[in-house]
file start-v6.txt (compact mmCIF, C-alpha atoms)
# COMPACT_ATOMS: atom_id res chain seq x y z
CA GLY A 1 -53.59 -61.22 -36.28
CA ILE A 2 -51.49 -58.66 -34.44
CA VAL A 3 -50.95 -55.88 -36.98
CA PRO A 4 -50.28 -52.45 -35.34
CA THR A 5 -49.98 -49.26 -37.36
CA ILE A 6 -47.23 -46.64 -37.41
CA ALA A 7 -49.67 -44.10 -35.99
CA ALA A 8 -50.11 -46.26 -32.91
CA MET A 9 -46.41 -46.11 -32.08
CA ASP A 10 -45.28 -44.14 -29.03
CA ILE A 11 -43.27 -41.21 -30.35
CA ASP A 12 -40.78 -41.50 -27.48
CA GLU A 13 -39.98 -45.16 -28.16
CA ASN A 14 -36.53 -45.88 -29.55
CA PRO A 15 -36.98 -48.41 -32.39
CA TYR A 16 -33.24 -49.13 -32.56
CA THR A 17 -33.23 -50.13 -28.90
CA VAL A 18 -36.42 -52.19 -29.25
CA LEU A 19 -34.97 -54.24 -32.11
CA GLY A 20 -31.45 -54.24 -30.71
CA VAL A 21 -29.75 -52.79 -33.78
CA PRO A 22 -27.27 -49.88 -34.09
CA GLN A 23 -28.54 -46.56 -35.42
CA ASP A 24 -26.47 -46.89 -38.60
CA ALA A 25 -27.74 -50.41 -39.37
CA SER A 26 -28.68 -51.08 -43.02
CA ILE A 27 -32.21 -52.08 -44.01
CA GLU A 28 -30.94 -55.60 -44.79
CA ASP A 29 -29.47 -55.96 -41.29
CA ILE A 30 -32.70 -54.66 -39.77
CA LYS A 31 -34.76 -57.24 -41.71
CA LYS A 32 -32.46 -60.09 -40.63
CA VAL A 33 -32.70 -59.12 -36.96
CA TYR A 34 -36.47 -58.71 -37.17
CA ARG A 35 -37.01 -62.17 -38.72
CA LYS A 36 -34.88 -63.75 -36.00
CA VAL A 37 -36.64 -61.91 -33.20
CA VAL A 38 -40.08 -62.74 -34.58
CA LEU A 39 -39.31 -66.44 -34.48
CA THR A 40 -38.13 -66.38 -30.86
CA LYS A 41 -40.60 -63.88 -29.39
CA HIS A 42 -43.86 -64.67 -31.19
CA PRO A 43 -46.72 -64.99 -28.65
CA ASP A 44 -47.65 -68.41 -30.02
CA ARG A 45 -44.30 -69.72 -28.78
CA ARG A 46 -44.96 -68.59 -25.20
CA PRO A 47 -46.90 -70.38 -22.42
CA GLU A 48 -50.52 -69.35 -21.94
CA GLU A 49 -49.81 -67.38 -18.78
CA GLN A 50 -47.18 -65.28 -20.65
CA LYS A 51 -49.20 -64.60 -23.80
CA GLU A 52 -50.56 -61.20 -22.77
CA ALA A 53 -47.11 -59.80 -21.98
CA ALA A 54 -45.66 -61.46 -25.07
CA GLU A 55 -48.30 -59.85 -27.31
CA LYS A 56 -47.43 -56.39 -25.99
CA GLU A 57 -43.73 -57.02 -26.59
CA PHE A 58 -44.43 -58.40 -30.08
CA ILE A 59 -46.51 -55.35 -31.01
CA GLN A 60 -43.65 -53.12 -29.88
CA LEU A 61 -41.24 -55.09 -32.12
CA GLN A 62 -43.58 -54.72 -35.09
CA ARG A 63 -43.87 -50.97 -34.52
CA ALA A 64 -40.10 -50.59 -34.43
CA TYR A 65 -39.57 -52.64 -37.55
CA GLU A 66 -42.30 -50.87 -39.55
CA LEU A 67 -40.80 -47.50 -38.67
CA LEU A 68 -37.23 -48.43 -39.54
CA ALA A 69 -38.27 -50.27 -42.73
CA ASP A 70 -39.93 -47.12 -44.03
CA GLU A 71 -37.28 -44.71 -45.34
CA ASP A 72 -39.25 -41.51 -44.74
CA ALA A 73 -40.44 -42.58 -41.28
CA ARG A 74 -36.89 -43.55 -40.30
CA LYS A 75 -35.55 -40.16 -41.46
CA ALA A 76 -38.23 -38.42 -39.43
CA TYR A 77 -37.27 -40.41 -36.33
CA ASP A 78 -33.55 -39.82 -36.86
CA ASN A 79 -34.24 -36.10 -37.24
CA LEU A 80 -36.22 -36.10 -33.99
CA ALA A 81 -33.44 -37.97 -32.21
CA SER A 82 -30.83 -35.53 -33.48
CA SER A 83 -32.99 -32.59 -32.44
CA LYS A 84 -33.36 -34.05 -28.94
CA PHE A 85 -29.62 -34.60 -28.71
CA ARG A 86 -28.90 -31.00 -29.74
CA ALA A 87 -31.53 -29.73 -27.30
CA ARG A 88 -29.99 -31.73 -24.44
CA ALA A 89 -26.51 -30.51 -25.36
CA PHE A 90 -27.75 -26.93 -25.51
CA LYS A 91 -29.47 -27.25 -22.13
CA SER A 92 -26.37 -28.85 -20.63
CA ASN A 93 -24.15 -26.05 -21.93
CA ARG A 94 -26.63 -23.43 -20.78
CA ASP A 95 -26.79 -24.99 -17.32
CA ARG A 96 -23.00 -24.98 -17.10
CA GLU A 97 -22.90 -21.35 -18.20
CA MET A 98 -25.58 -20.45 -15.67
CA ASP A 99 -23.69 -22.29 -12.92
CA ALA A 100 -20.52 -20.40 -13.85
CA LYS A 101 -22.43 -17.10 -13.85
CA ARG A 102 -24.05 -17.87 -10.50
CA LYS A 103 -20.68 -18.77 -9.00
CA LYS A 104 -19.18 -15.58 -10.41
CA MET A 105 -22.05 -13.50 -9.00
CA ALA A 106 -21.71 -15.17 -5.60
CA SER A 107 -17.95 -14.57 -5.61
CA ASP A 108 -18.41 -10.91 -6.61
CA LEU A 109 -21.05 -10.41 -3.92
CA GLU A 110 -18.82 -11.97 -1.27
CA GLU A 111 -15.94 -9.71 -2.30
CA LYS A 112 -18.17 -6.62 -2.16
CA GLU A 113 -19.41 -7.55 1.31
CA ARG A 114 -15.84 -8.14 2.45
CA ALA A 115 -14.77 -4.72 1.13
CA ALA A 116 -17.78 -3.05 2.79
CA MET A 117 -16.93 -4.67 6.13
CA GLU A 118 -13.32 -3.54 5.86
CA ARG A 119 -14.49 0.03 5.20
CA ARG A 120 -16.86 -0.05 8.18
CA HIS A 121 -14.62 -1.79 10.68
CA GLY A 122 -11.18 -1.30 9.23
CA VAL A 123 -10.49 -5.04 9.17
CA SER A 124 -11.41 -8.02 7.03
CA PRO A 125 -13.91 -10.60 8.34
CA GLU A 126 -11.10 -13.10 8.89
CA SER A 127 -9.04 -10.54 10.80
CA GLU A 128 -12.06 -9.59 12.89
CA VAL A 129 -12.56 -13.24 13.85
CA GLU A 130 -8.90 -13.61 14.78
CA MET A 131 -8.97 -10.41 16.85
CA ALA A 132 -12.13 -11.57 18.63
CA ARG A 133 -10.44 -14.90 19.37
CA GLU A 134 -7.38 -13.14 20.84
CA ARG A 135 -9.64 -10.85 22.88
CA LEU A 136 -11.43 -13.86 24.37
CA LYS A 137 -8.10 -15.54 25.14
CA ALA A 138 -6.95 -12.39 26.95
CA GLU A 139 -10.16 -12.26 28.99
CA LEU A 140 -9.85 -15.94 29.93
CA GLU A 141 -6.27 -15.34 31.05
CA ARG A 142 -7.44 -12.34 33.10
CA LEU A 143 -10.06 -14.48 34.82
CA ARG A 144 -7.46 -17.14 35.55
CA ARG A 145 -5.15 -14.59 37.16
CA LYS A 146 -8.07 -13.17 39.10
CA ARG A 147 -8.89 -16.59 40.53
CA GLU A 148 -5.26 -17.11 41.51
CA GLN A 149 -5.14 -13.72 43.24
CA GLU A 150 -8.38 -14.43 45.09
CA GLN A 151 -6.99 -17.75 46.31
CA LEU A 152 -3.79 -16.03 47.42
CA ASP A 153 -5.75 -13.31 49.20
CA ARG A 154 -7.79 -15.92 51.06
CA ARG A 155 -4.65 -17.78 52.14
CA MET A 156 -3.01 -14.53 53.30
CA ALA A 157 -6.14 -13.54 55.21
CA ALA A 158 -6.19 -16.90 56.96
CA ARG A 159 -2.51 -16.54 57.90
CA ASP A 160 -3.09 -13.00 59.15
CA GLN A 161 -5.99 -14.25 61.27
CA LYS A 162 -3.89 -17.00 62.78
CA LEU A 163 -1.07 -14.51 63.39
CA GLN A 164 -3.42 -12.12 65.17
CA GLU A 165 -4.66 -14.96 67.32
CA SER A 166 -1.07 -15.76 68.27
CA LEU A 167 -0.68 -12.23 69.71
CA SER A 168 -2.93 -12.95 72.68
CA PRO A 169 -1.63 -12.15 76.23
CA ASN A 170 -0.41 -15.74 76.46
CA GLY A 171 0.93 -15.66 72.88
CA SER A 172 4.25 -17.22 72.02
CA MET A 173 6.18 -18.48 69.05
CA HIS A 174 4.15 -21.71 69.08
CA ALA A 175 1.48 -20.33 66.71
CA LEU A 176 4.14 -18.88 64.40
CA ARG A 177 5.85 -22.26 64.29
CA GLN A 178 2.54 -23.89 63.27
CA ILE A 179 1.99 -21.33 60.49
CA TYR A 180 5.50 -20.99 59.07
CA GLY A 181 7.07 -24.29 59.99
CA ALA A 182 9.61 -22.83 62.43
CA ARG A 183 11.67 -25.35 64.31
CA PRO A 184 10.98 -25.49 68.07
CA VAL A 185 13.49 -23.73 70.28
CA ALA A 186 14.39 -24.54 73.83
CA GLY A 187 13.63 -22.20 76.68
CA ALA A 188 11.40 -19.15 76.98
CA VAL A 189 10.99 -16.63 74.18
CA SER A 190 11.17 -12.95 75.02
CA ALA A 191 8.53 -10.44 73.94
CA ASP A 192 11.10 -8.60 71.79
CA THR A 193 11.88 -11.79 69.90
CA VAL A 194 8.18 -12.40 69.23
CA LYS A 195 7.74 -8.81 68.03
CA ARG A 196 10.74 -9.00 65.68
CA LYS A 197 9.43 -12.28 64.28
CA GLU A 198 5.99 -10.75 63.73
CA GLU A 199 7.46 -7.72 61.96
CA ASP A 200 9.60 -9.95 59.76
CA VAL A 201 6.60 -12.11 58.81
CA PHE A 202 4.37 -9.10 58.07
CA ALA A 203 7.10 -7.52 55.95
CA LYS A 204 7.42 -10.68 53.86
CA LEU A 205 3.66 -10.92 53.42
CA ARG A 206 3.40 -7.25 52.36
CA ALA A 207 6.26 -7.63 49.85
CA LYS A 208 4.65 -10.70 48.34
CA ALA A 209 1.26 -9.00 48.09
CA LEU A 210 2.77 -5.90 46.45
CA ALA A 211 4.61 -8.07 43.91
CA LYS A 212 1.39 -9.89 43.00
CA LYS A 213 -0.53 -6.63 42.63
CA ALA A 214 2.20 -5.18 40.41
CA ALA A 215 2.09 -8.28 38.21
CA GLU A 216 -1.69 -8.06 37.97
CA ALA A 217 -1.47 -4.36 37.08
CA ASP A 218 1.00 -5.13 34.30
CA SER A 219 -1.30 -7.83 32.96
CA GLY A 220 -4.30 -5.47 33.07
CA ASN A 221 -2.39 -2.76 31.21
CA ALA A 222 -1.34 -5.26 28.54
CA THR A 223 -4.96 -6.33 28.07
CA LYS A 224 -6.10 -2.71 27.77
CA ARG A 225 -3.42 -2.06 25.16
CA LEU A 226 -4.57 -5.09 23.18
CA HIS A 227 -8.18 -3.89 23.30
CA SER A 228 -7.22 -0.39 22.22
CA GLU A 229 -5.19 -1.75 19.30
CA MET A 230 -8.20 -3.77 18.15
call {"tool": "encode", "arguments": {"input": "start-v6.txt", "output": "structure tokens"}}
result
Amino acid sequence: GIVPTIAAMDIDENPYTVLGVPQDASIEDIKKVYRKVVLTKHPDRRPEEQKEAAEKEFIQLQRAYELLADEDARKAYDNLASSKFRARAFKSNRDREMDAKRKKMASDLEEKERAAMERRHGVSPESEVEMARERLKAELERLRRKREQEQLDRRMAARDQKLQESLSPNGSMHALRQIYGARPVAGAVSADTVKRKEEDVFAKLRAKALAKKAAEADSGNATKRLHSEM
């Protein structure tokens, strides 16, 4: 017959789980459950193709019952189970303590690095990032203003070129009207009138150019002050 020994039992098997009884079950309850299980899971009650698996399961049931039916063997198992539980609890607590220590060490290290950076650069890492962001924004604004000024300079140069072309020996107010949208006038235009118109146009262009340069200078000074404050 199928008669395993206690020595053949796997030390890591849980006999309570195998039999399906609670750990505080009495010996009478264990015997009742075992008798019921034996009747339903005996290999002779299984089809031929299931006998091999059924025999292995039945041997496992016998091992569990023999261990739990023996008072000394059951105490030894319960002691092992308690020891494992305490070991797992100890390891869990130790892991939590180690995690807390590691987090504390990481936090302390980060604070030391932050303090060292503030001593070296006079600002915290966050402040340094914010200052760098503002510096980049200022440079982008400077480039935008530069592009605008270049476009304005090109337009003014084109107007000056057209104005110079209008001052040919046969020049008249026709070219000025094309450039500045002047309304046509009847009759001939004297040379003095053309000259006064030219001087007026050049004066307006110079005033506009000087205003733009002054604005650009103010912007450049503001950017330099921001850099120096950083």
call {"tool": "residues_around", "arguments": {"input": "start-v6.txt", "residues": "stretch 10-23 of chain A", "least_positions_apart": "2", "cutoff": "7 Å", "atoms": "all atoms listed in the file", "output": "PyMOL selection string"}}
result
chain A and resi 8+25+30+34+61+64
call {"tool": "closest_residue", "arguments": {"input": "start-v6.txt", "among": "A:Ser127, A:Ser83, A:Ser219, A:Asn93", "to": "A:Leu143", "atoms": "all atoms listed in the file"}}
result
A:Ser219
call {"tool": "atom_distance", "arguments": {"input": "start-v6.txt", "atom1": "atom CA of A:Glu130", "atom2": "atom CA of A:Ala106"}}
result
24.1 Å
